[in-house]
Amino acid sequence: MKNSQLYKGSLNTIIMKLLEENGKMYGYEITQKVKVITQGELNITEGALYPALHKLEAEGILDVEIEKVDNRMRKYYKLTEAGTKETVNRLAELEDFIRTMQSLVNPKPNLEF
């Protein structure tokens, strides 16, 4: 995506949706899943991802589990109960926003003022 500013406001919602669908994920896994789903159109950098994850954790949206994988410690993120409820709200807000933007970009013909 050429203009990363367009998705920055939706990054938290993207993360929450992926965790809702996948249970728990680690950071690199989140970046790769987004890349696959968007066929390479959206690349989330570590510089954007980890501050968002830490903010969501501080807000009580995410829990962190640390597991040993191949002799390394790996942080897994998952939604809290409050995070699951908030995901529903944020997805609804994002869908409303997308509908509004679509009506502005592709207005229906013959709309009168």
# chains A, B, ... in the order shown; residues from 1 in each chain; ligands from 1

call {"tool": "residues_around", "arguments": {"residues": "Gly9 in chain A", "least_positions_apart": "5", "cutoff": "12 Å", "atoms": "only C-alpha atoms", "output": "list in words"}}
result
Asn3, Ser4, Ile14, Ile15, Ala48, Ala52, Arg90, Glu93, Leu94 and Phe97 of chain A

call {"tool": "select_by_dssp", "arguments": {"residues": "chain A", "states": "strand (DSSP E or B)", "output": "ChimeraX atom specification"}}
result
/A:24-26,62-69,72-79

call {"tool": "closest_residue", "arguments": {"among": "A:Asn43, A:Thr100, A:Thr84, A:Thr38", "to": "Glu21 in chain A", "atoms": "only C-alpha atoms"}}
result
A:Thr84

call {"tool": "closest_residue", "arguments": {"among": "A:Ser10, A:Glu57, A:Glu20, A:Gln102", "to": "Thr87 in chain A", "atoms": "only C-alpha atoms"}}
result
A:Glu20

call {"tool": "residues_around", "arguments": {"residues": "Gly27 in chain A", "least_positions_apart": "5", "cutoff": "9 Å", "atoms": "only C-alpha atoms", "output": "number ranges by chain"}}
result
A: 32, 46, 49-50, 53, 75-77

call {"tool": "write_last_selection", "arguments": {"atoms": "N, CA and C atoms", "output": "CSV table (one decimal), in the first residue's frame"}}
result
chain,number,residue,atom,x,y,z
A,32,GLN,N,3.4,-11.6,9.1
A,32,GLN,CA,3.4,-12.4,7.9
A,32,GLN,C,1.9,-12.8,7.5
A,46,GLU,N,7.9,-3.8,12.2
A,46,GLU,CA,8.1,-4.1,13.6
A,46,GLU,C,7.9,-2.7,14.3
A,49,LEU,N,4.2,-2.4,14.6
A,49,LEU,CA,3.5,-3.4,15.3
A,49,LEU,C,3.7,-3.5,16.8
A,50,TYR,N,5.0,-3.4,17.2
A,50,TYR,CA,5.2,-3.6,18.7
A,50,TYR,C,4.7,-2.5,19.6
A,53,LEU,N,1.1,-3.3,19.9
A,53,LEU,CA,0.9,-4.5,20.8
A,53,LEU,C,1.0,-4.1,22.2
A,75,LYS,N,7.1,-14.4,22.8
A,75,LYS,CA,5.9,-13.8,23.4
A,75,LYS,C,4.7,-14.0,22.4
A,76,TYR,N,3.7,-14.6,23.0
A,76,TYR,CA,2.4,-14.8,22.3
A,76,TYR,C,1.4,-13.8,22.8
A,77,TYR,N,0.6,-13.2,22.0
A,77,TYR,CA,-0.4,-12.2,22.3
A,77,TYR,C,-1.8,-12.9,22.1

call {"tool": "select_by_dssp", "arguments": {"residues": "chain A", "states": "helix (DSSP H, G or I)", "output": "VMD selection string"}}
result
chain A and resid 5 to 8 11 to 22 27 to 37 46 to 58 81 to 105

call {"tool": "residues_around", "arguments": {"residues": "Lys78 in chain A", "least_positions_apart": "3", "cutoff": "9 Å", "atoms": "only C-alpha atoms", "output": "list in words"}}
result
Met16, Leu19, Glu20, Asn22, Gly23, Lys24, Met25, Tyr26, Ile61, Leu62, Asp63, Val64, Glu65 and Gly83 of chain A

call {"tool": "write_last_selection", "arguments": {"atoms": "N, CA, C and O atoms", "output": "PDB file, in the first residue's frame"}}
result
ATOM      1  N   MET A  16      -6.350  -6.984  16.443  1.00  0.00           N
ATOM      2  CA  MET A  16      -7.405  -7.596  17.254  1.00  0.00           C
ATOM      3  C   MET A  16      -8.198  -8.622  16.442  1.00  0.00           C
ATOM      4  O   MET A  16      -8.527  -9.703  16.941  1.00  0.00           O
ATOM      5  N   LEU A  19      -6.150 -11.824  16.058  1.00  0.00           N
ATOM      6  CA  LEU A  19      -6.115 -12.582  17.305  1.00  0.00           C
ATOM      7  C   LEU A  19      -7.469 -13.227  17.596  1.00  0.00           C
ATOM      8  O   LEU A  19      -7.521 -14.335  18.129  1.00  0.00           O
ATOM      9  N   GLU A  20      -8.538 -12.558  17.230  1.00  0.00           N
ATOM     10  CA  GLU A  20      -9.874 -13.131  17.395  1.00  0.00           C
ATOM     11  C   GLU A  20      -9.988 -14.420  16.570  1.00  0.00           C
ATOM     12  O   GLU A  20     -10.531 -15.420  17.025  1.00  0.00           O
ATOM     13  N   ASN A  22      -7.391 -16.290  15.314  1.00  0.00           N
ATOM     14  CA  ASN A  22      -6.309 -17.262  15.472  1.00  0.00           C
ATOM     15  C   ASN A  22      -5.980 -17.626  16.918  1.00  0.00           C
ATOM     16  O   ASN A  22      -5.083 -18.425  17.147  1.00  0.00           O
ATOM     17  N   GLY A  23      -6.663 -17.050  17.870  1.00  0.00           N
ATOM     18  CA  GLY A  23      -6.399 -17.364  19.273  1.00  0.00           C
ATOM     19  C   GLY A  23      -5.214 -16.604  19.810  1.00  0.00           C
ATOM     20  O   GLY A  23      -5.362 -15.527  20.361  1.00  0.00           O
ATOM     21  N   LYS A  24      -4.019 -17.135  19.609  1.00  0.00           N
ATOM     22  CA  LYS A  24      -2.830 -16.417  20.048  1.00  0.00           C
ATOM     23  C   LYS A  24      -1.805 -16.424  18.922  1.00  0.00           C
ATOM     24  O   LYS A  24      -1.740 -17.372  18.134  1.00  0.00           O
ATOM     25  N   MET A  25      -1.039 -15.354  18.856  1.00  0.00           N
ATOM     26  CA  MET A  25      -0.035 -15.208  17.800  1.00  0.00           C
ATOM     27  C   MET A  25       1.157 -14.440  18.357  1.00  0.00           C
ATOM     28  O   MET A  25       1.014 -13.671  19.295  1.00  0.00           O
ATOM     29  N   TYR A  26       2.311 -14.632  17.750  1.00  0.00           N
ATOM     30  CA  TYR A  26       3.474 -13.828  18.103  1.00  0.00           C
ATOM     31  C   TYR A  26       3.667 -12.763  17.028  1.00  0.00           C
ATOM     32  O   TYR A  26       3.066 -12.832  15.948  1.00  0.00           O
ATOM     33  N   ILE A  61      -6.470  -4.971  26.656  1.00  0.00           N
ATOM     34  CA  ILE A  61      -7.079  -5.636  25.497  1.00  0.00           C
ATOM     35  C   ILE A  61      -6.383  -6.975  25.226  1.00  0.00           C
ATOM     36  O   ILE A  61      -7.011  -7.929  24.786  1.00  0.00           O
ATOM     37  N   LEU A  62      -5.069  -7.005  25.478  1.00  0.00           N
ATOM     38  CA  LEU A  62      -4.269  -8.200  25.209  1.00  0.00           C
ATOM     39  C   LEU A  62      -3.620  -8.741  26.467  1.00  0.00           C
ATOM     40  O   LEU A  62      -3.253  -7.976  27.364  1.00  0.00           O
ATOM     41  N   ASP A  63      -3.460 -10.049  26.493  1.00  0.00           N
ATOM     42  CA  ASP A  63      -2.630 -10.737  27.473  1.00  0.00           C
ATOM     43  C   ASP A  63      -1.394 -11.239  26.744  1.00  0.00           C
ATOM     44  O   ASP A  63      -1.448 -11.501  25.539  1.00  0.00           O
ATOM     45  N   VAL A  64      -0.310 -11.416  27.480  1.00  0.00           N
ATOM     46  CA  VAL A  64       0.919 -11.932  26.903  1.00  0.00           C
ATOM     47  C   VAL A  64       1.267 -13.246  27.593  1.00  0.00           C
ATOM     48  O   VAL A  64       1.184 -13.357  28.812  1.00  0.00           O
ATOM     49  N   GLU A  65       1.620 -14.234  26.790  1.00  0.00           N
ATOM     50  CA  GLU A  65       2.126 -15.506  27.296  1.00  0.00           C
ATOM     51  C   GLU A  65       3.522 -15.691  26.732  1.00  0.00           C
ATOM     52  O   GLU A  65       3.746 -15.459  25.546  1.00  0.00           O
ATOM     53  N   GLY A  83     -10.954  -7.565  25.661  1.00  0.00           N
ATOM     54  CA  GLY A  83     -10.450  -7.383  24.304  1.00  0.00           C
ATOM     55  C   GLY A  83     -11.353  -8.011  23.263  1.00  0.00           C
ATOM     56  O   GLY A  83     -11.547  -7.460  22.175  1.00  0.00           O
TER      57      GLY A  83
END

call {"tool": "atom_distance", "arguments": {"atom1": "CA of Gly47 in chain A", "atom2": "CA of Val34 in chain A"}}
result
15.2 Å

call {"tool": "closest_residue", "arguments": {"among": "A:Lys108, A:His54, A:Arg74, A:Lys85", "to": "Glu29 in chain A", "atoms": "only C-alpha atoms"}}
result
A:Arg74

call {"tool": "decode", "arguments": {"residues": "chain A", "atoms": "C-alpha atoms", "output": "PDB file, in the first residue's frame"}}
result
ATOM      1  CA  MET A   1       0.000   0.000   0.000  1.00  0.00           C
ATOM      2  CA  LYS A   2       1.520   3.279  -1.061  1.00  0.00           C
ATOM      3  CA  ASN A   3       0.111   5.416   1.740  1.00  0.00           C
ATOM      4  CA  SER A   4       0.742   3.726   5.065  1.00  0.00           C
ATOM      5  CA  GLN A   5      -1.085   6.589   6.799  1.00  0.00           C
ATOM      6  CA  LEU A   6      -4.350   5.115   5.551  1.00  0.00           C
ATOM      7  CA  TYR A   7      -3.956   1.913   7.525  1.00  0.00           C
ATOM      8  CA  LYS A   8      -2.195   3.250  10.641  1.00  0.00           C
ATOM      9  CA  GLY A   9      -5.491   4.207  12.231  1.00  0.00           C
ATOM     10  CA  SER A  10      -6.754   0.661  11.677  1.00  0.00           C
ATOM     11  CA  LEU A  11      -3.669  -1.220  12.869  1.00  0.00           C
ATOM     12  CA  ASN A  12      -5.038  -2.018  16.334  1.00  0.00           C
ATOM     13  CA  THR A  13      -8.274  -3.311  14.831  1.00  0.00           C
ATOM     14  CA  ILE A  14      -6.332  -5.441  12.327  1.00  0.00           C
ATOM     15  CA  ILE A  15      -4.301  -6.969  15.164  1.00  0.00           C
ATOM     16  CA  MET A  16      -7.405  -7.596  17.254  1.00  0.00           C
ATOM     17  CA  LYS A  17      -9.241  -9.247  14.344  1.00  0.00           C
ATOM     18  CA  LEU A  18      -6.319 -11.587  13.650  1.00  0.00           C
ATOM     19  CA  LEU A  19      -6.115 -12.582  17.305  1.00  0.00           C
ATOM     20  CA  GLU A  20      -9.874 -13.131  17.395  1.00  0.00           C
ATOM     21  CA  GLU A  21      -9.556 -15.527  14.458  1.00  0.00           C
ATOM     22  CA  ASN A  22      -6.309 -17.262  15.472  1.00  0.00           C
ATOM     23  CA  GLY A  23      -6.399 -17.364  19.273  1.00  0.00           C
ATOM     24  CA  LYS A  24      -2.830 -16.417  20.048  1.00  0.00           C
ATOM     25  CA  MET A  25      -0.035 -15.208  17.800  1.00  0.00           C
ATOM     26  CA  TYR A  26       3.474 -13.828  18.103  1.00  0.00           C
ATOM     27  CA  GLY A  27       4.572 -10.586  16.475  1.00  0.00           C
ATOM     28  CA  TYR A  28       6.347 -11.905  13.384  1.00  0.00           C
ATOM     29  CA  GLU A  29       3.435 -14.268  12.776  1.00  0.00           C
ATOM     30  CA  ILE A  30       1.047 -11.287  12.758  1.00  0.00           C
ATOM     31  CA  THR A  31       3.152  -9.410  10.195  1.00  0.00           C
ATOM     32  CA  GLN A  32       3.360 -12.443   7.927  1.00  0.00           C
ATOM     33  CA  LYS A  33      -0.355 -13.237   8.178  1.00  0.00           C
ATOM     34  CA  VAL A  34      -1.222  -9.668   7.121  1.00  0.00           C
ATOM     35  CA  LYS A  35       1.201  -9.904   4.202  1.00  0.00           C
ATOM     36  CA  VAL A  36      -0.369 -13.200   3.038  1.00  0.00           C
ATOM     37  CA  ILE A  37      -3.979 -12.057   3.458  1.00  0.00           C
ATOM     38  CA  THR A  38      -3.328  -8.815   1.548  1.00  0.00           C
ATOM     39  CA  GLN A  39      -1.156 -10.557  -1.070  1.00  0.00           C
ATOM     40  CA  GLY A  40       1.779  -8.330  -0.155  1.00  0.00           C
ATOM     41  CA  GLU A  41      -0.160  -5.056  -0.393  1.00  0.00           C
ATOM     42  CA  LEU A  42       0.136  -4.349   3.321  1.00  0.00           C
ATOM     43  CA  ASN A  43       3.394  -4.770   5.206  1.00  0.00           C
ATOM     44  CA  ILE A  44       3.331  -4.044   8.908  1.00  0.00           C
ATOM     45  CA  THR A  45       6.758  -3.073  10.190  1.00  0.00           C
ATOM     46  CA  GLU A  46       8.062  -4.052  13.595  1.00  0.00           C
ATOM     47  CA  GLY A  47       8.325  -0.331  14.329  1.00  0.00           C
ATOM     48  CA  ALA A  48       4.552  -0.038  13.955  1.00  0.00           C
ATOM     49  CA  LEU A  49       3.526  -3.441  15.308  1.00  0.00           C
ATOM     50  CA  TYR A  50       5.245  -3.634  18.675  1.00  0.00           C
ATOM     51  CA  PRO A  51       4.185  -0.204  19.963  1.00  0.00           C
ATOM     52  CA  ALA A  52       0.599  -1.118  18.979  1.00  0.00           C
ATOM     53  CA  LEU A  53       0.853  -4.474  20.786  1.00  0.00           C
ATOM     54  CA  HIS A  54       2.274  -2.815  23.912  1.00  0.00           C
ATOM     55  CA  LYS A  55      -0.464  -0.169  23.867  1.00  0.00           C
ATOM     56  CA  LEU A  56      -3.194  -2.806  23.540  1.00  0.00           C
ATOM     57  CA  GLU A  57      -1.622  -4.755  26.394  1.00  0.00           C
ATOM     58  CA  ALA A  58      -1.521  -1.629  28.585  1.00  0.00           C
ATOM     59  CA  GLU A  59      -5.209  -1.002  27.793  1.00  0.00           C
ATOM     60  CA  GLY A  60      -6.122  -4.495  29.003  1.00  0.00           C
ATOM     61  CA  ILE A  61      -7.079  -5.636  25.497  1.00  0.00           C
ATOM     62  CA  LEU A  62      -4.269  -8.200  25.209  1.00  0.00           C
ATOM     63  CA  ASP A  63      -2.630 -10.737  27.473  1.00  0.00           C
ATOM     64  CA  VAL A  64       0.919 -11.932  26.903  1.00  0.00           C
ATOM     65  CA  GLU A  65       2.126 -15.506  27.296  1.00  0.00           C
ATOM     66  CA  ILE A  66       5.806 -16.357  27.092  1.00  0.00           C
ATOM     67  CA  GLU A  67       6.737 -19.811  25.828  1.00  0.00           C
ATOM     68  CA  LYS A  68      10.047 -21.470  25.130  1.00  0.00           C
ATOM     69  CA  VAL A  69      10.293 -22.403  21.445  1.00  0.00           C
ATOM     70  CA  ASP A  70      13.507 -23.888  20.012  1.00  0.00           C
ATOM     71  CA  ASN A  71      15.538 -22.728  23.024  1.00  0.00           C
ATOM     72  CA  ARG A  72      14.194 -19.169  22.653  1.00  0.00           C
ATOM     73  CA  MET A  73      11.555 -17.321  24.579  1.00  0.00           C
ATOM     74  CA  ARG A  74       8.640 -16.222  22.398  1.00  0.00           C
ATOM     75  CA  LYS A  75       5.897 -13.764  23.354  1.00  0.00           C
ATOM     76  CA  TYR A  76       2.416 -14.751  22.289  1.00  0.00           C
ATOM     77  CA  TYR A  77      -0.404 -12.222  22.338  1.00  0.00           C
ATOM     78  CA  LYS A  78      -4.055 -13.095  22.848  1.00  0.00           C
ATOM     79  CA  LEU A  79      -7.246 -11.165  23.502  1.00  0.00           C
ATOM     80  CA  THR A  80      -8.529 -10.735  27.029  1.00  0.00           C
ATOM     81  CA  GLU A  81     -12.252 -11.090  27.673  1.00  0.00           C
ATOM     82  CA  ALA A  82     -12.544  -7.291  27.485  1.00  0.00           C
ATOM     83  CA  GLY A  83     -10.450  -7.383  24.304  1.00  0.00           C
ATOM     84  CA  THR A  84     -12.851  -9.816  22.676  1.00  0.00           C
ATOM     85  CA  LYS A  85     -15.772  -7.472  23.382  1.00  0.00           C
ATOM     86  CA  GLU A  86     -13.797  -4.434  22.211  1.00  0.00           C
ATOM     87  CA  THR A  87     -12.895  -6.232  18.963  1.00  0.00           C
ATOM     88  CA  VAL A  88     -16.590  -6.475  18.094  1.00  0.00           C
ATOM     89  CA  ASN A  89     -17.007  -2.711  18.705  1.00  0.00           C
ATOM     90  CA  ARG A  90     -13.927  -1.704  16.735  1.00  0.00           C
ATOM     91  CA  LEU A  91     -14.798  -3.935  13.791  1.00  0.00           C
ATOM     92  CA  ALA A  92     -18.273  -2.390  13.646  1.00  0.00           C
ATOM     93  CA  GLU A  93     -16.730   1.102  13.725  1.00  0.00           C
ATOM     94  CA  LEU A  94     -14.271   0.183  10.965  1.00  0.00           C
ATOM     95  CA  GLU A  95     -17.034  -1.280   8.798  1.00  0.00           C
ATOM     96  CA  ASP A  96     -19.089   1.909   9.243  1.00  0.00           C
ATOM     97  CA  PHE A  97     -16.061   4.006   8.317  1.00  0.00           C
ATOM     98  CA  ILE A  98     -15.397   1.905   5.198  1.00  0.00           C
ATOM     99  CA  ARG A  99     -19.042   2.227   4.113  1.00  0.00           C
ATOM    100  CA  THR A 100     -18.892   6.004   4.605  1.00  0.00           C
ATOM    101  CA  MET A 101     -15.671   6.263   2.617  1.00  0.00           C
ATOM    102  CA  GLN A 102     -17.136   4.116  -0.167  1.00  0.00           C
ATOM    103  CA  SER A 103     -20.143   6.423  -0.396  1.00  0.00           C
ATOM    104  CA  LEU A 104     -17.789   9.390  -0.756  1.00  0.00           C
ATOM    105  CA  VAL A 105     -15.478   7.760  -3.287  1.00  0.00           C
ATOM    106  CA  ASN A 106     -18.249   6.107  -5.313  1.00  0.00           C
ATOM    107  CA  PRO A 107     -21.412   8.137  -4.727  1.00  0.00           C
ATOM    108  CA  LYS A 108     -24.671   6.754  -6.016  1.00  0.00           C
ATOM    109  CA  PRO A 109     -25.867   8.584  -9.131  1.00  0.00           C
ATOM    110  CA  ASN A 110     -28.737  11.057  -8.972  1.00  0.00           C
ATOM    111  CA  LEU A 111     -28.313  12.063  -5.368  1.00  0.00           C
ATOM    112  CA  GLU A 112     -29.899  15.441  -4.916  1.00  0.00           C
ATOM    113  CA  PHE A 113     -28.991  18.096  -2.402  1.00  0.00           C
TER     114      PHE A 113
END
